[in-house]
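Engineer: The structure follows.
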Amino acid sequence: MKELIIKGNKSTSKLLVGESIGNLGKYLPPGKVVVITDSNVDAIYRNFYRQYPVIVIGTGEHIKNLTTIAEIYSEMLKMEVDRSWFIVGIGGGLVCDIAGYVASTYMRGLKFGFVSTTLLSQVDASVGGKNGVNFEGYKNHIGTFNQPEFVICDPEMLKTLPKKEILSGFGEIVKHALIADENMFKFLEENYTEAINLNSEAIEQLIYTSVVIKSGVVNRDETEQGERRTLNFGHTLAHAIEKCTPDYTHGEAVAIGMTAAAGFSLHLGRITTPDMNRIIALLKNLGLPVNTTIPKESLIAAMQHDKKREDRAINLVLLNGIGKCEVLKMPVEATIELAAALDRIGE
Ligand SMILES: NC(=O)c1ccc[n+]([C@@H]2O[C@H](COP(=O)([O-])OP(=O)(O)OC[C@H]3O[C@@H](n4cnc5c(N)ncnc54)[C@H](O)[C@@H]3O)[C@@H](O)[C@H]2O)c1
Ligand SMILES: [Zn+2]
C-alpha cells in the first residue's frame with residue numbers, strides 16, 4: 001500500500017493506493033457514519049460496510065443532478081444526521097462527486113472520505129477535490145472545491161468492473177503519461193497486456209503514478225488558474241464527442257481527443273511522426289479508439305460552444321513530445337485544425 005498526501009487550501013487529504021475496502025474502519029473517526037453508494041456497488045460490496053446506515057442512489061449520468069442531491073438531504077434529515085457525522089462515498093466518479101457535494105453543503109459541511117471503486121475514479125475523479133452535479137445540460141456546473149479526508153483506492157475492486165469501464169480509466173492513465181511522464185508511457189508500452197488484465201503490480205503502479213501526477217498538478221494549482229488546465233489534454237474534443245453521442249465512455253472520448261490533439265501537435269512540428277505512431281499504437285493496444293465517424297462539422301460546432309470558452313479564444317493543450325505539454329491560448333477557429341487532425345489518422 002502506498003500513501004500520498006494532498007494539501008488543499010482548506011484541508012489535507014490522504015490517498016491510499018492499494019488499501020483494501022476491508023480496512024475502511026481504520027480510517028473512520030469515532031462517531032456516526034453514513035455511507036452513500038450506488039445500487040451496482042451496493043449489490044456487490046454491502047458486506048464490507050453493513051454496520052453503517054446506507055443511502056443507495058441509482059446509476060447513470062442522468063441522475064447526477066440537484067434532485068438526487070435533495071433526495072439524499074431528505075434521507076439524511078430522516079436519519080437525523082448532524083455535523084458530527086462522517087460521510088463515506090463508496091463508488092465511482094458519480095458517487096464520489098455526489099457524496100462530496102452533499103458532504104460539502106449539508107449543514108454547511110461535514111467531513112467525508114471515499115472508497116473509489118472504478119479505475120477512472122481511482123486515477124482521476126477522486127483526486128483533486130472537485131465535486132458537483134450537472135445542471136440544465138451543463139456538466140458539473142454546480143459544485144465546490146473540497147478535499148475528502150481520505151481516498152481508498154482498492155485495485156481488487158476493479159475486478160468486478162465491466163470491461164468498458166476499465167478501458168475508460170485507461171484513457172485518463174495514458175493522458176497522465178502523455179502530459180507529464182515519458183517513463184510512465186514506456187511502462188505502458190511494455191506492460192499494456194498486464195495492465196488491461198489488471199495484474200496487481202502493474203495496475204497499482206499505474207494508479208499510483210497517475211495520482212502522483214494529478215495530485216502534483218492539483219497541489220500547485222488547486223482552483224484551476226493555470227497548470228491544472230494541462231489535465232484537460234484531449235478533453236476539448238472529448239467533450240464535443242460526448243455532446244454528439246452517448247456511444248463512448250469518457251475515457252474512450254478522451255482517447256480520440258488525445259489522438260486529435262497529438263495530431264495537431266504533429267502538424268505544428270511540436271512532436272515527431274515516430275512519437276505520433278507510438279501514441280496511436282499504445283491507444284490501440286489498450287483497446288481504445290483513435291478515431292470516430294461523427295461528422296467533423298458536428299464536432300467543431302460542439303467545440304465552439306464549449307462553456308469553458310473565453311471570448312473567441314480557447315485553451316488548447318498540445319504536446320511538446322511524449323511526457324511534455326503546453327497550454328496554448330488559440331483563436332476558436334483552431335478547433336477546425338484540431339478536428340482536421342483526425343482526417344490524417346486511420347481507424
Ligand atoms: N471530480 C472530478 O475531478 C472528476 C474527474 C473525472 C470524472 N468525474 C466524474 O466521474 C463520473 C464518471 O465516473 P466513473 O467513470 O467512475 O463512472 P460511474 O461512477 O458512473 O461508474 C461506472 C459504472 O460502474 C459501476 N461500478 C462502480 N464501481 C464498480 C465496481 N467496483 N464493480 C462493478 N461495478 C462498479 C457503477 O455502478 C456504474 O454503473 C462523471 O460524472 C464525471 O463527471 C469527476
Ligand atoms: Zn477526463
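How things are named: the first chain in the C-alpha cells is A, the next is B, and so on; residues count from 1 in each chain; ligands count from 1 in the order shown.
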For the structure I just gave you, how does DSSP split range 72-272 of chain A - specifically, which residues are helix (DSSP H, G or I)? Reply as a ChimeraX atom specification.

Structural biologist: /A:72-78,93-108,119-125,155-160,163-180,182-196,200-220,227-232,235-244,250-267

Engineer: Would you mind listing, for every residue of chain A within 12 Å of ligand 2, the two atoms forming the shortest contact and the distance between them in Å to one decimal, using only C-alpha atoms and all ligand atoms, sorted by chain and ascending residue number, as CSV?

Structural biologist:
```
residue,atom,partner,partner_atom_place_in_ligand_line,distance
A:Gly93,CA,ligand 2,1 (Zn),10.4
A:Leu119,CA,ligand 2,1 (Zn),11.9
A:Leu120,CA,ligand 2,1 (Zn),8.3
A:Ser121,CA,ligand 2,1 (Zn),9.8
A:Val123,CA,ligand 2,1 (Zn),10.0
A:Asp124,CA,ligand 2,1 (Zn),7.2
A:Ala125,CA,ligand 2,1 (Zn),8.0
A:Ser126,CA,ligand 2,1 (Zn),11.7
A:Val127,CA,ligand 2,1 (Zn),11.8
A:Lys139,CA,ligand 2,1 (Zn),11.9
A:Ser168,CA,ligand 2,1 (Zn),9.2
A:Gly169,CA,ligand 2,1 (Zn),9.0
A:Phe170,CA,ligand 2,1 (Zn),10.6
A:Gly171,CA,ligand 2,1 (Zn),8.1
A:Glu172,CA,ligand 2,1 (Zn),6.2
A:Ile173,CA,ligand 2,1 (Zn),9.9
A:Val174,CA,ligand 2,1 (Zn),11.1
A:Lys175,CA,ligand 2,1 (Zn),8.8
A:His176,CA,ligand 2,1 (Zn),10.4
A:Lys214,CA,ligand 2,1 (Zn),11.5
A:Arg229,CA,ligand 2,1 (Zn),11.5
A:Thr230,CA,ligand 2,1 (Zn),11.3
A:Leu231,CA,ligand 2,1 (Zn),7.8
A:Asn232,CA,ligand 2,1 (Zn),7.0
A:Phe233,CA,ligand 2,1 (Zn),8.6
A:Gly234,CA,ligand 2,1 (Zn),8.4
A:His235,CA,ligand 2,1 (Zn),6.5
A:Thr236,CA,ligand 2,1 (Zn),10.1
A:Leu237,CA,ligand 2,1 (Zn),11.2
A:Ala238,CA,ligand 2,1 (Zn),8.3
A:His239,CA,ligand 2,1 (Zn),8.9
A:Glu242,CA,ligand 2,1 (Zn),11.2
A:Thr249,CA,ligand 2,1 (Zn),10.2
A:His250,CA,ligand 2,1 (Zn),6.5
A:Gly251,CA,ligand 2,1 (Zn),6.6
A:Glu252,CA,ligand 2,1 (Zn),9.8
A:Ala253,CA,ligand 2,1 (Zn),8.9
A:Val254,CA,ligand 2,1 (Zn),6.7
A:Ala255,CA,ligand 2,1 (Zn),9.9
A:Gly257,CA,ligand 2,1 (Zn),10.4
A:Met258,CA,ligand 2,1 (Zn),10.9
```

Engineer: Could the residues of chain A that have an atom at most 6 Å from ligand 1 be listed as a tab-separated table, each with its closest atom pair and the distance in Å to one decimal, counting only C-alpha atoms and all ligand atoms and ordered by chain and ascending residue number?

Structural biologist:
```
residue	atom	partner	partner_atom_place_in_ligand_line	distance
A:Asp38	CA	ligand 1	37 (O)	5.7
A:Asn40	CA	ligand 1	37 (O)	4.4
A:Val41	CA	ligand 1	29 (C)	5.3
A:Thr59	CA	ligand 1	39 (O)	5.4
A:Gly60	CA	ligand 1	20 (O)	5.4
A:Glu61	CA	ligand 1	41 (O)	5.7
A:Gly91	CA	ligand 1	28 (N)	5.1
A:Gly92	CA	ligand 1	19 (O)	3.2
A:Gly93	CA	ligand 1	10 (O)	3.2
A:Leu94	CA	ligand 1	19 (O)	3.8
A:Val95	CA	ligand 1	19 (O)	5.6
A:Asp97	CA	ligand 1	1 (N)	5.5
A:Thr117	CA	ligand 1	28 (N)	4.3
A:Thr118	CA	ligand 1	28 (N)	4.6
A:Leu120	CA	ligand 1	16 (O)	5.1
A:Ser121	CA	ligand 1	16 (O)	4.7
A:Asp124	CA	ligand 1	5 (C)	5.2
A:Ala125	CA	ligand 1	5 (C)	3.4
A:Gly128	CA	ligand 1	3 (O)	5.8
A:Lys130	CA	ligand 1	1 (N)	4.4
A:Asn131	CA	ligand 1	1 (N)	4.8
A:Met157	CA	ligand 1	31 (N)	4.5
A:Leu158	CA	ligand 1	31 (N)	5.0
A:Thr160	CA	ligand 1	32 (N)	4.1
A:Leu161	CA	ligand 1	33 (C)	3.8
```

Engineer: Okay, now the selection with N, CA and C atoms, as a short mmCIF file (atom, residue, chain, number, x, y, z; two decimals), in the first residue's frame?

Structural biologist:
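Dumped to result09.cif:
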```
data_model
loop_
_atom_site.label_atom_id
_atom_site.label_comp_id
_atom_site.auth_asym_id
_atom_site.auth_seq_id
_atom_site.Cartn_x
_atom_site.Cartn_y
_atom_site.Cartn_z
N ASP A 38 -23.90 3.51 -4.88
CA ASP A 38 -24.93 3.29 -5.91
C ASP A 38 -25.38 1.83 -5.89
N ASN A 40 -25.37 -0.65 -8.02
CA ASN A 40 -24.47 -1.71 -8.51
C ASN A 40 -23.40 -2.06 -7.48
N VAL A 41 -22.78 -1.03 -6.94
CA VAL A 41 -21.71 -1.25 -5.96
C VAL A 41 -22.30 -1.91 -4.71
N THR A 59 -27.89 4.67 -10.85
CA THR A 59 -26.67 4.76 -11.63
C THR A 59 -26.93 5.58 -12.91
N GLY A 60 -25.88 6.05 -13.52
CA GLY A 60 -26.00 6.77 -14.80
C GLY A 60 -25.91 8.27 -14.60
N GLU A 61 -25.26 8.91 -15.57
CA GLU A 61 -25.00 10.35 -15.52
C GLU A 61 -26.30 11.17 -15.36
N GLY A 91 -17.94 4.30 -4.38
CA GLY A 91 -18.37 4.13 -5.76
C GLY A 91 -17.41 4.77 -6.73
N GLY A 92 -17.89 4.93 -7.95
CA GLY A 92 -17.08 5.56 -8.99
C GLY A 92 -17.17 7.08 -8.91
N GLY A 93 -16.78 7.72 -10.00
CA GLY A 93 -16.76 9.18 -10.04
C GLY A 93 -18.12 9.80 -9.75
N LEU A 94 -19.16 9.13 -10.18
CA LEU A 94 -20.51 9.66 -9.98
C LEU A 94 -20.85 9.74 -8.49
N VAL A 95 -20.64 8.64 -7.78
CA VAL A 95 -20.93 8.61 -6.35
C VAL A 95 -20.02 9.60 -5.61
N ASP A 97 -18.52 12.34 -6.72
CA ASP A 97 -18.90 13.73 -6.98
C ASP A 97 -20.15 14.12 -6.19
N THR A 117 -14.12 3.16 -6.50
CA THR A 117 -14.29 1.77 -6.96
C THR A 117 -14.17 1.55 -8.46
N THR A 118 -13.96 2.61 -9.26
CA THR A 118 -13.72 2.42 -10.70
C THR A 118 -12.29 2.87 -11.00
N LEU A 120 -11.42 4.80 -13.44
CA LEU A 120 -11.45 6.23 -13.75
C LEU A 120 -11.45 7.07 -12.47
N SER A 121 -12.22 6.64 -11.48
CA SER A 121 -12.26 7.46 -10.26
C SER A 121 -10.96 7.30 -9.47
N ASP A 124 -8.40 9.50 -11.38
CA ASP A 124 -8.77 10.85 -11.78
C ASP A 124 -9.80 11.50 -10.85
N ALA A 125 -11.04 10.97 -10.85
CA ALA A 125 -12.14 11.70 -10.22
C ALA A 125 -11.97 11.93 -8.73
N GLY A 128 -8.24 15.61 -6.32
CA GLY A 128 -8.35 16.98 -6.79
C GLY A 128 -9.39 17.83 -6.11
N LYS A 130 -12.54 18.33 -6.52
CA LYS A 130 -13.70 18.88 -7.21
C LYS A 130 -14.87 17.95 -6.97
N ASN A 131 -16.05 18.53 -6.72
CA ASN A 131 -17.25 17.69 -6.67
C ASN A 131 -18.37 18.47 -7.32
N MET A 157 -11.08 -4.23 -6.22
CA MET A 157 -12.49 -3.94 -6.55
C MET A 157 -12.69 -3.75 -8.05
N LEU A 158 -11.59 -3.49 -8.77
CA LEU A 158 -11.70 -3.27 -10.22
C LEU A 158 -12.08 -4.57 -10.94
N THR A 160 -14.47 -6.48 -10.52
CA THR A 160 -15.91 -6.66 -10.80
C THR A 160 -16.43 -5.60 -11.79
N LEU A 161 -15.53 -4.73 -12.25
CA LEU A 161 -15.95 -3.65 -13.17
C LEU A 161 -16.16 -4.17 -14.59
#
```

Engineer: Neighbouring residues of Arg228 in chain A were defined as those with any atom within 10 Å, considering only C-alpha atoms; residues of the same chain fewer than 2 positions away were excluded. Please report them as a PyMOL selection string.

Structural biologist: chain A and resi 128+214-226+230-232+327

Engineer: Could you tell me which of A:Lys324, A:Ile345, A:Thr273, A:Ile241 comes closest to Asn291 in chain A if we count only C-alpha atoms?

Structural biologist: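 Closest residue, counting only C-alpha atoms: A:Ile345.
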
Engineer: Determine, counting only C-alpha atoms, which protein, DNA and RNA residues have an atom within 8 Å of an atom of Val56 in chain A; residues of the same chain fewer than 3 positions away are not included. Present the result as a list in words.

Structural biologist: Ile36, Thr37, Asp38, Ser39 and Asp42 of chain A

Engineer: Could the residues in this selection be written to a file with C-alpha atoms, as a PDB file, in the first residue's frame?

Structural biologist:
```pdb
ATOM      1  CA  ILE A  36     -23.540   6.878   0.134  1.00  0.00           C
ATOM      2  CA  THR A  37     -23.206   4.362  -2.694  1.00  0.00           C
ATOM      3  CA  ASP A  38     -24.933   3.287  -5.909  1.00  0.00           C
ATOM      4  CA  SER A  39     -27.091   0.227  -6.496  1.00  0.00           C
ATOM      5  CA  ASP A  42     -24.107  -1.940  -3.094  1.00  0.00           C
TER       6      ASP A  42
END
```

Engineer: Which of these residues is nearest to Ser74 in chain A, using only C-alpha atoms: A:Phe150, A:Tyr52, A:Phe264, A:Tyr106?

Structural biologist: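 Nearest candidate to Ser74 in chain A out of A:Phe150, A:Tyr52, A:Phe264, A:Tyr106: A:Tyr106.
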
Engineer: For Leu28 in chain A, which residue among A:Gly113, A:Gly100, A:Gly137, A:Gly132 is the nearest when counting only C-alpha atoms?

Structural biologist: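 Of the candidates, the smallest distance to Leu28 in chain A is held by A:Gly113.
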
Engineer: Please run DSSP on the backbone and report, as a PyMOL selection string, all residues within range 278-320 of chain A that come out as strand (DSSP E).

Structural biologist: chain A and resi 313-319

Engineer: Any idea what the distance is between CA of Glu194 in chain A and CA of Ile90 in chain A?

Structural biologist: 26.2 Å

Engineer: Dump as a Markdown table the rows for residues of range 126-230 of chain A within 10 Å of range 275-288 of chain A: closest atom pair and distance in Å with one decimal, only C-alpha atoms counted, ordered by chain and rising residue number.

Structural biologist:
```
| residue | atom | partner | partner_atom | distance |
| --- | --- | --- | --- | --- |
| A:Lys164 | CA | A:Gly287 | CA | 9.6 |
| A:Leu167 | CA | A:Leu288 | CA | 6.8 |
| A:Ser168 | CA | A:Leu288 | CA | 8.3 |
| A:Phe170 | CA | A:Leu286 | CA | 7.6 |
| A:Gly171 | CA | A:Leu288 | CA | 7.4 |
| A:Val174 | CA | A:Leu283 | CA | 7.9 |
| A:Leu178 | CA | A:Ile279 | CA | 8.5 |
| A:Phe185 | CA | A:Leu282 | CA | 8.7 |
| A:Lys186 | CA | A:Leu282 | CA | 9.6 |
| A:Leu188 | CA | A:Leu282 | CA | 7.6 |
| A:Glu189 | CA | A:Leu282 | CA | 6.1 |
| A:Glu190 | CA | A:Leu282 | CA | 9.6 |
| A:Tyr192 | CA | A:Leu286 | CA | 6.3 |
| A:Thr193 | CA | A:Leu286 | CA | 7.7 |
| A:Ala195 | CA | A:Leu286 | CA | 8.6 |
| A:Ile196 | CA | A:Leu286 | CA | 6.9 |
```

Engineer: Find the residues around Phe135 in chain A up to 12 Å (only C-alpha atoms counted), leave out those fewer than 5 positions away in its own chain, and share them as a list in words.

Structural biologist: Glu61, His62, Ile63, Lys64, Asn65, Leu66, Thr67, Thr68, Ile69, Asn140, His141, Ile142 and Gly143 of chain A

Engineer: Would you mind exporting the chosen residues as a PDB file, in the first residue's frame, restricted to N, CA and C atoms?

Structural biologist:
```pdb
ATOM      1  N   GLU A  61     -25.264   8.914 -15.571  1.00  0.00           N
ATOM      2  CA  GLU A  61     -25.003  10.355 -15.522  1.00  0.00           C
ATOM      3  C   GLU A  61     -26.296  11.173 -15.356  1.00  0.00           C
ATOM      4  N   HIS A  62     -27.446  10.633 -15.868  1.00  0.00           N
ATOM      5  CA  HIS A  62     -28.694  11.408 -15.803  1.00  0.00           C
ATOM      6  C   HIS A  62     -29.186  11.635 -14.371  1.00  0.00           C
ATOM      7  N   ILE A  63     -28.689  10.851 -13.400  1.00  0.00           N
ATOM      8  CA  ILE A  63     -29.151  11.085 -12.014  1.00  0.00           C
ATOM      9  C   ILE A  63     -28.218  12.052 -11.270  1.00  0.00           C
ATOM     10  N   LYS A  64     -27.181  12.544 -11.985  1.00  0.00           N
ATOM     11  CA  LYS A  64     -26.220  13.432 -11.319  1.00  0.00           C
ATOM     12  C   LYS A  64     -26.782  14.853 -11.351  1.00  0.00           C
ATOM     13  N   ASN A  65     -27.796  15.091 -10.521  1.00  0.00           N
ATOM     14  CA  ASN A  65     -28.447  16.403 -10.549  1.00  0.00           C
ATOM     15  C   ASN A  65     -28.922  16.801  -9.154  1.00  0.00           C
ATOM     16  N   LEU A  66     -29.507  18.005  -9.076  1.00  0.00           N
ATOM     17  CA  LEU A  66     -29.907  18.531  -7.773  1.00  0.00           C
ATOM     18  C   LEU A  66     -31.095  17.771  -7.179  1.00  0.00           C
ATOM     19  N   THR A  67     -31.868  17.079  -8.016  1.00  0.00           N
ATOM     20  CA  THR A  67     -32.985  16.276  -7.483  1.00  0.00           C
ATOM     21  C   THR A  67     -32.428  15.140  -6.631  1.00  0.00           C
ATOM     22  N   THR A  68     -31.397  14.458  -7.161  1.00  0.00           N
ATOM     23  CA  THR A  68     -30.764  13.376  -6.388  1.00  0.00           C
ATOM     24  C   THR A  68     -30.163  13.939  -5.096  1.00  0.00           C
ATOM     25  N   ILE A  69     -29.536  15.107  -5.202  1.00  0.00           N
ATOM     26  CA  ILE A  69     -28.948  15.723  -4.001  1.00  0.00           C
ATOM     27  C   ILE A  69     -30.044  15.968  -2.958  1.00  0.00           C
ATOM     28  N   ASN A 140     -21.242  19.223 -14.470  1.00  0.00           N
ATOM     29  CA  ASN A 140     -20.543  19.630 -13.236  1.00  0.00           C
ATOM     30  C   ASN A 140     -20.600  21.142 -13.008  1.00  0.00           C
ATOM     31  N   HIS A 141     -21.753  21.751 -13.314  1.00  0.00           N
ATOM     32  CA  HIS A 141     -21.868  23.212 -13.273  1.00  0.00           C
ATOM     33  C   HIS A 141     -22.046  23.727 -11.848  1.00  0.00           C
ATOM     34  N   ILE A 142     -22.629  22.880 -10.985  1.00  0.00           N
ATOM     35  CA  ILE A 142     -22.877  23.276  -9.599  1.00  0.00           C
ATOM     36  C   ILE A 142     -21.980  22.411  -8.719  1.00  0.00           C
ATOM     37  N   GLY A 143     -21.128  23.028  -7.929  1.00  0.00           N
ATOM     38  CA  GLY A 143     -20.254  22.201  -7.093  1.00  0.00           C
ATOM     39  C   GLY A 143     -19.300  23.035  -6.261  1.00  0.00           C
TER      40      GLY A 143
END
```

Engineer: Under the rule that only C-alpha atoms are counted, which of A:Ile271, A:Asp82, A:Ile98, A:Gly22 is the nearest residue to Gly58 in chain A?

Structural biologist: A:Ile98

Engineer: Can you work out the spacing between CA of Asn197 in chain A and CA of Lys163 in chain A in Å, to one decimal?

Structural biologist: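 Taking CA of Asn197 in chain A as the start and CA of Lys163 in chain A as the end point, the length is 9.9 Å.
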